[in-house]
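Dropping protein24.csv in here (CSV, C-alpha atoms (C1' of nucleotides)):
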chain,number,residue,atom,x,y,z
A,632,MET,CA,134.1,53.9,259.4
A,633,PRO,CA,137.0,54.5,261.7
A,634,GLU,CA,137.3,55.8,265.2
A,635,LEU,CA,140.5,56.1,267.2
A,636,PRO,CA,141.1,52.3,267.5
A,637,GLU,CA,140.7,51.7,263.8
A,638,VAL,CA,142.9,54.7,262.9
A,639,GLU,CA,145.5,53.5,265.3
A,640,THR,CA,145.4,50.0,263.7
A,641,VAL,CA,145.8,51.5,260.3
A,642,CYS,CA,148.7,53.7,261.5
A,643,ARG,CA,150.5,50.7,262.8
A,644,GLY,CA,150.1,48.9,259.5
A,645,LEU,CA,151.3,51.8,257.5
A,646,GLU,CA,154.3,52.1,259.8
A,647,THR,CA,155.3,48.5,259.2
A,648,ALA,CA,155.4,49.1,255.4
A,649,LEU,CA,156.4,52.7,255.1
A,650,LEU,CA,158.8,53.7,257.8
A,651,ASN,CA,162.2,54.4,256.3
A,652,ASP,CA,160.8,53.6,252.8
A,653,THR,CA,160.9,56.1,249.9
A,654,ILE,CA,157.9,57.0,247.8
A,655,THR,CA,158.8,56.4,244.2
A,656,CYS,CA,155.4,57.1,242.6
A,657,VAL,CA,152.1,58.7,243.6
A,658,SER,CA,149.1,58.2,241.3
A,659,LEU,CA,145.8,60.1,241.8
A,660,TYR,CA,142.7,58.9,240.1
A,661,ARG,CA,140.6,61.9,240.8
A,662,LYS,CA,141.4,65.5,241.8
A,663,ASP,CA,139.6,65.5,245.2
A,664,LEU,CA,138.1,63.5,248.0
A,665,ARG,CA,136.2,65.6,250.5
A,666,PHE,CA,138.6,68.4,249.6
A,667,PRO,CA,141.0,68.7,246.7
A,668,PHE,CA,144.2,66.8,247.0
A,669,PRO,CA,147.1,69.3,247.7
A,670,ASP,CA,148.5,71.1,244.7
A,671,ASN,CA,151.2,69.0,243.1
A,672,MET,CA,151.0,66.4,245.8
A,673,PRO,CA,152.6,63.7,243.6
A,674,ALA,CA,155.6,65.8,242.9
A,675,LYS,CA,155.9,66.9,246.5
A,676,LEU,CA,155.9,63.3,247.8
A,677,GLN,CA,157.9,61.5,245.1
A,678,GLY,CA,161.5,60.8,246.3
A,679,ARG,CA,160.6,61.5,249.9
A,680,THR,CA,161.4,59.1,252.7
A,681,VAL,CA,158.9,58.4,255.5
A,682,VAL,CA,160.6,59.1,258.8
A,683,GLN,CA,157.5,58.9,261.2
A,684,ILE,CA,153.9,57.8,261.3
A,685,SER,CA,151.7,58.8,264.1
A,686,ARG,CA,148.1,59.5,265.0
A,687,ARG,CA,146.3,62.5,266.4
A,688,ALA,CA,142.6,62.0,267.2
A,689,LYS,CA,141.3,60.3,264.0
A,690,TYR,CA,144.0,61.9,261.8
A,691,ILE,CA,146.9,59.9,260.3
A,692,LEU,CA,150.1,61.9,260.3
A,693,ILE,CA,152.9,60.8,257.9
A,694,ARG,CA,156.1,62.8,258.3
A,695,PHE,CA,158.7,62.9,255.5
A,696,ASP,CA,162.5,63.5,255.5
A,697,ASP,CA,161.9,67.1,254.3
A,698,ASP,CA,159.6,67.9,257.3
A,699,GLN,CA,156.5,67.8,255.2
A,700,ILE,CA,153.6,66.1,257.0
A,701,LEU,CA,150.7,64.4,255.2
A,702,ILE,CA,147.5,64.8,257.3
A,703,GLY,CA,145.2,62.0,256.3
A,704,HIS,CA,141.6,61.4,257.4
A,705,LEU,CA,139.6,58.3,256.5
A,706,GLY,CA,136.2,59.9,256.9
A,707,MET,CA,133.5,57.2,257.1
A,708,SER,CA,134.6,54.8,254.5
A,709,GLY,CA,138.3,55.3,253.8
A,710,SER,CA,140.8,52.5,254.0
A,711,PHE,CA,144.4,51.8,253.1
A,712,ARG,CA,145.6,48.5,251.7
A,713,ILE,CA,149.3,47.5,251.5
A,714,GLU,CA,150.4,45.0,249.0
A,715,LYS,CA,153.8,43.6,248.2
A,716,GLN,CA,153.3,43.3,244.5
A,717,PRO,CA,153.1,46.2,242.0
A,718,GLY,CA,150.4,46.2,239.4
A,719,GLY,CA,147.0,44.8,239.8
A,720,GLU,CA,143.7,46.3,238.6
A,721,ILE,CA,142.5,49.7,239.9
A,722,VAL,CA,139.3,48.8,241.7
A,723,LYS,CA,136.3,51.0,241.9
A,724,HIS,CA,136.7,53.8,244.5
A,725,GLU,CA,140.5,53.5,244.6
A,726,HIS,CA,141.6,57.2,244.5
A,727,MET,CA,145.3,57.1,245.3
A,728,ILE,CA,148.1,54.6,244.9
A,729,TRP,CA,151.7,54.9,246.2
A,730,GLU,CA,154.7,52.8,245.2
A,731,THR,CA,157.8,52.6,247.3
A,732,ALA,CA,161.5,51.8,246.8
A,733,LYS,CA,161.2,48.6,248.8
A,734,GLY,CA,158.4,47.4,246.6
A,735,HIS,CA,155.3,48.2,248.6
A,736,VAL,CA,152.1,49.4,247.0
A,737,ILE,CA,149.8,51.5,249.2
A,738,ARG,CA,146.2,51.8,247.9
A,739,TYR,CA,143.7,54.2,249.3
A,740,HIS,CA,140.0,53.2,248.8
A,741,ASP,CA,137.1,55.4,249.8
A,742,PRO,CA,133.6,54.9,248.4
A,743,ARG,CA,131.9,57.8,250.1
A,744,ARG,CA,134.9,60.2,249.8
A,745,PHE,CA,134.4,61.8,253.2
A,746,GLY,CA,138.1,61.3,253.7
A,747,PHE,CA,140.8,63.8,252.8
A,748,MET,CA,144.5,64.4,252.5
A,749,LEU,CA,146.3,67.6,253.4
A,750,LEU,CA,149.9,68.7,253.5
A,751,SER,CA,151.5,70.7,256.3
A,752,THR,CA,155.0,71.0,257.7
A,753,VAL,CA,156.4,70.1,261.1
A,754,ASP,CA,156.6,73.7,262.1
A,755,ASP,CA,153.0,74.5,261.2
A,756,LEU,CA,151.4,71.3,262.6
A,757,ASP,CA,150.4,72.6,266.0
A,758,THR,CA,148.6,75.5,264.5
A,759,HIS,CA,147.0,73.6,261.6
A,760,PRO,CA,143.3,74.5,261.5
A,761,ARG,CA,142.3,70.8,261.5
A,762,LEU,CA,144.3,70.0,264.5
A,763,GLN,CA,144.6,73.1,266.7
A,764,ASP,CA,141.3,72.8,268.4
A,765,LEU,CA,141.4,69.1,269.2
A,766,GLY,CA,141.0,68.1,272.8
A,767,PRO,CA,143.3,65.7,274.7
A,768,GLU,CA,144.2,62.3,273.5
A,769,PRO,CA,142.1,59.9,275.7
A,770,LEU,CA,145.0,57.4,276.0
A,771,GLY,CA,147.5,60.1,276.9
A,772,ASN,CA,148.5,61.6,280.2
A,773,ALA,CA,146.5,64.8,279.6
A,774,PHE,CA,143.2,63.0,280.0
A,775,SER,CA,141.6,62.2,283.3
A,776,GLY,CA,138.3,62.5,285.1
A,777,PRO,CA,138.9,66.0,286.4
A,778,ILE,CA,140.1,67.2,283.0
A,779,LEU,CA,137.0,65.7,281.4
A,780,ALA,CA,134.7,67.2,284.0
A,781,ASN,CA,136.3,70.6,283.5
A,782,ALA,CA,135.8,70.4,279.7
A,783,LEU,CA,132.2,69.5,280.3
A,784,LYS,CA,131.3,72.1,282.9
A,785,ARG,CA,129.7,74.6,280.5
A,786,ARG,CA,128.1,72.1,278.3
A,787,LYS,CA,124.3,71.7,278.5
A,788,SER,CA,124.1,69.3,275.6
A,789,PRO,CA,123.7,65.6,276.3
A,790,ILE,CA,126.8,63.8,277.4
A,791,LYS,CA,126.7,61.6,274.4
A,792,THR,CA,126.9,64.6,272.0
A,793,ALA,CA,129.6,66.2,274.1
A,794,ILE,CA,132.0,63.2,274.0
A,795,LEU,CA,131.6,63.1,270.2
A,796,ASP,CA,132.8,66.7,270.2
A,797,GLN,CA,136.5,66.4,269.2
A,798,THR,CA,137.4,69.5,271.3
A,799,ILE,CA,136.3,67.8,274.5
A,800,VAL,CA,138.2,64.5,273.9
A,801,ALA,CA,139.8,63.6,270.6
A,802,GLY,CA,139.1,60.4,268.7
A,803,VAL,CA,135.9,59.0,270.3
A,804,GLY,CA,133.2,58.3,267.7
A,805,ASN,CA,129.7,57.0,267.7
A,806,ILE,CA,130.4,53.3,268.6
A,807,TYR,CA,132.8,54.0,271.5
A,808,ALA,CA,130.8,56.8,272.8
A,809,CYS,CA,127.8,54.5,273.2
A,810,GLU,CA,130.0,51.7,274.7
A,811,ALA,CA,131.8,53.9,277.1
A,812,LEU,CA,128.6,55.4,278.5
A,813,TYR,CA,127.1,52.0,279.0
A,814,ARG,CA,130.2,50.7,280.7
A,815,SER,CA,130.2,53.7,283.1
A,816,GLY,CA,126.5,53.5,283.8
A,817,ILE,CA,125.8,57.1,282.5
A,818,SER,CA,122.7,57.9,280.5
A,819,PRO,CA,123.5,59.4,277.1
A,820,LYS,CA,120.8,61.9,277.7
A,821,ARG,CA,122.3,63.3,280.9
A,822,GLN,CA,123.4,66.9,280.5
A,823,ALA,CA,127.1,67.0,280.1
A,824,TYR,CA,127.9,69.5,282.9
A,825,THR,CA,126.3,67.1,285.5
A,826,VAL,CA,129.0,64.6,284.8
A,827,THR,CA,131.5,65.4,287.6
A,828,GLY,CA,133.6,63.8,290.3
A,829,LYS,CA,133.4,60.1,290.5
A,830,ARG,CA,131.1,59.9,287.5
A,831,ALA,CA,133.5,61.8,285.3
A,832,GLU,CA,136.3,59.5,286.6
A,833,GLU,CA,134.3,56.4,285.7
A,834,LEU,CA,133.5,57.8,282.2
A,835,ALA,CA,137.1,58.7,281.5
A,836,ASP,CA,138.2,55.2,282.7
A,837,ALA,CA,135.5,53.6,280.5
A,838,ILE,CA,136.6,55.6,277.5
A,839,ARG,CA,140.2,54.5,278.0
A,840,THR,CA,139.3,50.9,278.7
A,841,VAL,CA,137.0,50.5,275.7
A,842,LEU,CA,139.5,52.2,273.3
A,843,ASN,CA,142.4,50.1,274.5
A,844,SER,CA,140.4,46.9,274.3
A,845,ALA,CA,139.3,47.8,270.7
A,846,ILE,CA,142.9,48.4,269.7
A,847,GLU,CA,143.9,45.0,271.1
A,848,SER,CA,141.1,43.5,268.9
A,849,GLY,CA,142.3,45.3,265.8
A,850,GLY,CA,139.3,47.7,265.8
A,851,SER,CA,135.7,47.0,264.9
A,852,THR,CA,134.4,45.9,261.5
A,853,LEU,CA,130.7,46.7,260.8
A,854,ARG,CA,130.5,46.9,257.1
A,855,ASP,CA,133.8,47.4,255.3
A,856,TYR,CA,136.6,48.3,257.7
A,857,THR,CA,139.8,46.3,257.3
A,858,ASN,CA,143.3,46.9,258.4
A,859,THR,CA,146.1,47.5,255.9
A,860,SER,CA,146.5,43.8,255.3
A,861,GLY,CA,142.8,43.4,254.5
A,862,GLU,CA,142.0,41.7,257.8
A,863,LEU,CA,138.8,42.4,259.7
A,864,GLY,CA,138.8,43.8,263.2
A,865,TYR,CA,136.8,41.8,265.8
A,866,PHE,CA,135.9,44.2,268.6
A,867,GLN,CA,132.3,44.3,267.2
A,868,HIS,CA,131.9,40.9,269.0
A,869,SER,CA,132.5,42.8,272.2
A,870,PHE,CA,129.8,45.4,271.7
A,871,GLN,CA,127.5,45.6,274.7
A,872,VAL,CA,124.9,48.1,273.2
A,873,TYR,CA,126.0,49.5,269.8
A,874,ASP,CA,123.7,48.2,267.1
A,875,LYS,CA,121.9,46.1,269.7
A,876,GLU,CA,118.4,47.7,269.6
A,877,GLY,CA,115.8,45.3,271.1
A,878,LYS,CA,118.4,42.9,272.4
A,879,GLU,CA,118.5,42.1,276.1
A,880,CYS,CA,120.8,44.3,278.2
A,881,PRO,CA,124.0,42.2,278.8
A,882,ASN,CA,124.0,43.2,282.5
A,883,THR,CA,123.0,40.1,284.5
A,884,GLY,CA,119.8,40.7,286.4
A,885,CYS,CA,118.7,43.6,284.2
A,886,ASN,CA,115.8,42.5,282.1
A,887,SER,CA,115.6,45.6,280.0
A,888,LYS,CA,116.1,45.8,276.3
A,889,ILE,CA,118.6,48.1,274.6
A,890,LYS,CA,117.0,51.2,273.2
A,891,ARG,CA,117.9,53.3,270.1
A,892,ILE,CA,117.4,57.0,270.1
A,893,VAL,CA,118.7,59.8,267.8
A,894,GLN,CA,120.8,62.6,269.3
A,895,SER,CA,122.2,65.3,267.0
A,896,GLY,CA,121.3,63.2,264.1
A,897,ARG,CA,123.3,60.1,265.2
A,898,SER,CA,122.0,56.9,266.6
A,899,THR,CA,122.6,56.2,270.3
A,900,PHE,CA,122.2,52.8,271.9
A,901,TYR,CA,121.8,52.4,275.6
A,902,CYS,CA,120.0,50.7,278.5
A,903,SER,CA,117.6,53.0,280.3
A,904,ASN,CA,117.7,50.8,283.4
A,905,CYS,CA,121.5,50.6,283.8
A,906,GLN,CA,122.4,54.0,282.6
A,907,ARG,CA,121.3,57.0,284.7
B,1170,DC,C1',130.3,80.6,272.3
B,1171,DG,C1',127.2,76.6,272.3
B,1172,DC,C1',124.0,73.8,270.0
B,1173,DG,C1',121.5,71.1,266.5
B,1174,DC,C1',120.4,70.5,261.8
B,1175,DT,C1',121.8,69.6,257.1
B,1176,DC,C1',124.8,68.3,253.8
B,1177,DC,C1',128.7,66.0,251.5
B,1178,DC,C1',128.7,60.7,248.9
B,1179,DT,C1',128.0,55.8,247.8
B,1180,DG,C1',126.1,51.5,248.8
B,1181,DG,C1',123.6,47.9,251.5
B,1182,DC,C1',119.4,46.4,253.2
B,1183,DC,C1',114.5,46.2,253.9
B,1184,DG,C1',109.7,46.4,252.7
B,1185,DC,C1',106.5,46.8,249.1
C,1391,DT,C1',113.7,42.2,240.0
C,1392,DG,C1',113.0,47.0,240.8
C,1393,DC,C1',112.4,51.0,243.4
C,1394,DG,C1',112.0,54.2,247.2
C,1395,DG,C1',113.3,55.0,251.8
C,1396,DC,C1',116.4,54.7,255.4
C,1397,DC,C1',120.7,53.8,257.4
C,1398,DA,C1',126.0,54.0,258.0
C,1399,DG,C1',132.2,54.3,261.9
C,1400,DG,C1',132.9,61.8,260.4
C,1401,DG,C1',132.9,66.5,260.4
C,1402,DA,C1',132.2,71.3,258.2
C,1403,DG,C1',129.2,75.0,257.7
C,1404,DC,C1',125.2,77.5,258.8
C,1405,DG,C1',121.6,79.7,261.4
C,1406,DC,C1',119.7,80.6,265.8
Could you quickly redo this structure as structure tokens?
Amino acid sequence: MPELPEVETVCRGLETALLNDTITCVSLYRKDLRFPFPDNMPAKLQGRTVVQISRRAKYILIRFDDDQILIGHLGMSGSFRIEKQPGGEIVKHEHMIWETAKGHVIRYHDPRRFGFMLLSTVDDLDTHPRLQDLGPEPLGNAFSGPILANALKRRKSPIKTAILDQTIVAGVGNIYACEALYRSGISPKRQAYTVTGKRAEELADAIRTVLNSAIESGGSTLRDYTNTSGELGYFQHSFQVYDKEGKECPNTGCNSKIKRIVQSGRSTFYCSNCQR
DNA sequence: CGCGCTCCCTGGCCGC
DNA sequence: TGCGGCCAGGGAGCGC
């Protein structure tokens, strides 16, 4: 499901409900998602107050008043829902529910269970195995054309595959990789190390622009993504190529049709006329 | 080290 | 209506 814009939207929703609120009850409805829930996670979180919520790549980081950090990942189908009323039926695929002192109920739902929750501490966060190899945040100051080009220079794989690699740039997924390549006129099949100079600048700009636009739209909803209020994102209406196989290229004057190919097992959508 | 394939899991959709 | 095949926003692990 979620790439950087969707995770960012979820973080903002969680922040609204959880910041400075205290966890009063943690209920787990199975012992694991992709990985086991941390040992004694309910006891470790109960009574703790949330002091910060942030995002790194596609990870949600929830910091508590004792310097524990919950590292959450939504996988392909994870979602949080915040309600103001306690109670209510446990629906299928709900795996974790929190209740808070201010009366919020936070429900985690994940049919495919590729998501996971881990616990770390403030001191260990930078060296956490899931986080330490991540590349720069595309919306931060440590990302630019030259930095991207430098990260790509030894990569012979296709550029599409390279920007899905979270060590090159953190948080870009399949949708926004396709969209950013289209918007920068770069073929997804081009070898990564040939993306240099002005081309790398344009790709870095396109990544930033498409991610920022998607955040403004509340993310993209294809199947089941919703924000923490249950509302749909609407950036999918701005897709130029993703899931548009056989449709006309949106570029005026280009009469080509959008193609779908498979790269490293993932679908890529692009215009072979506009992207070189 | 870099790269691509396979798998984890459930559900929706499509064609027969 | 049922069933098989394919597809899905991610990423870890493995072999080459």
Chain A residues near chain B (6 Å cut-off, all atoms listed in the file) as a VMD selection string: chain A and resid 742 to 743 895
Resulting file, chosen residues, C-alpha atoms, as a PDB file, in the frame of the given file:
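To be explicit, this is the file written out as part-v1.pdb:
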ATOM      1  CA  PRO A 742     133.600  54.900 248.400  1.00  0.00           C
ATOM      2  CA  ARG A 743     131.900  57.800 250.100  1.00  0.00           C
ATOM      3  CA  SER A 895     122.200  65.300 267.000  1.00  0.00           C
TER       4      SER A 895
END
Can you list, as a list in words, every protein, DNA or RNA residue that comes within 8 Å of Lys787 (chain A) when you count only C-alpha atoms (C1' of nucleotides), leaving out same-chain residues fewer than 2 positions away?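 So, after excluding close chain neighbours, the residues are Arg785, Pro789, Gln822, Ala823 and Tyr824 of chain A.
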Counting only C-alpha atoms (C1' of nucleotides), what are the residues of chain C within 9 Å of chain A, and for each of them which pair of atoms is the nearest and at what distance in Å, to one decimal? Sort the table by chain and rising number, as a tab-separated table.
residue	atom	partner	partner_atom	distance
C:DA1398	C1'	A:Met707	CA	8.2
C:DG1399	C1'	A:Met632	CA	3.2
C:DG1400	C1'	A:Gly706	CA	5.2
C:DG1401	C1'	A:Gly706	CA	8.2
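The two atoms in question, CA of Cys809 (chain A) and CA of Gly771 (chain A), are spaced 20.8 Å apart.
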Find the residues near region 838-850 of chain A: any atom within 7 Å, counting all atoms listed in the file, skip ones fewer than 3 places away on the same chain, and give them as a tab-separated table (two decimals) with C-alpha atoms, in the coordinates of the input.
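After the write, result-v7.tsv holds the following:
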chain	number	residue	atom	x	y	z
A	636	PRO	CA	141.10	52.30	267.50
A	637	GLU	CA	140.70	51.70	263.80
A	640	THR	CA	145.40	50.00	263.70
A	769	PRO	CA	142.10	59.90	275.70
A	770	LEU	CA	145.00	57.40	276.00
A	807	TYR	CA	132.80	54.00	271.50
A	811	ALA	CA	131.80	53.90	277.10
A	834	LEU	CA	133.50	57.80	282.20
A	835	ALA	CA	137.10	58.70	281.50
A	864	GLY	CA	138.80	43.80	263.20
A	865	TYR	CA	136.80	41.80	265.80
A	866	PHE	CA	135.90	44.20	268.60
So what do you get for CA of Leu863 (chain A) versus CA of Glu639 (chain A), distance-wise?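 CA of Leu863 (chain A) sits 14.1 Å away from CA of Glu639 (chain A).
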Using CA of Gln871 (chain A) and CA of Glu810 (chain A) as the two end points, give the distance in Å to one decimal.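 According to the coordinates, CA of Gln871 (chain A) and CA of Glu810 (chain A) are separated by 6.6 Å.
Ranking A:Arg761, A:Lys791, A:Arg679, A:Arg814 by their shortest atom-to-atom distance to DA1402 (chain C), with only C-alpha atoms (C1' of nucleotides) included, puts A:Arg761 first.
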Around the point (117.8, 53.1, 282.4) (coordinates from the file), which residues reach within 9 Å if we count only C-alpha atoms (C1' of nucleotides)? Answer as a PDB file with C-alpha atoms, in the frame of the given file.
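Here's the written file out.pdb:
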ATOM      1  CA  GLY A 816     126.500  53.500 283.800  1.00  0.00           C
ATOM      2  CA  ILE A 817     125.800  57.100 282.500  1.00  0.00           C
ATOM      3  CA  SER A 818     122.700  57.900 280.500  1.00  0.00           C
ATOM      4  CA  SER A 887     115.600  45.600 280.000  1.00  0.00           C
ATOM      5  CA  TYR A 901     121.800  52.400 275.600  1.00  0.00           C
ATOM      6  CA  CYS A 902     120.000  50.700 278.500  1.00  0.00           C
ATOM      7  CA  SER A 903     117.600  53.000 280.300  1.00  0.00           C
ATOM      8  CA  ASN A 904     117.700  50.800 283.400  1.00  0.00           C
ATOM      9  CA  CYS A 905     121.500  50.600 283.800  1.00  0.00           C
ATOM     10  CA  GLN A 906     122.400  54.000 282.600  1.00  0.00           C
ATOM     11  CA  ARG A 907     121.300  57.000 284.700  1.00  0.00           C
TER      12      ARG A 907
END
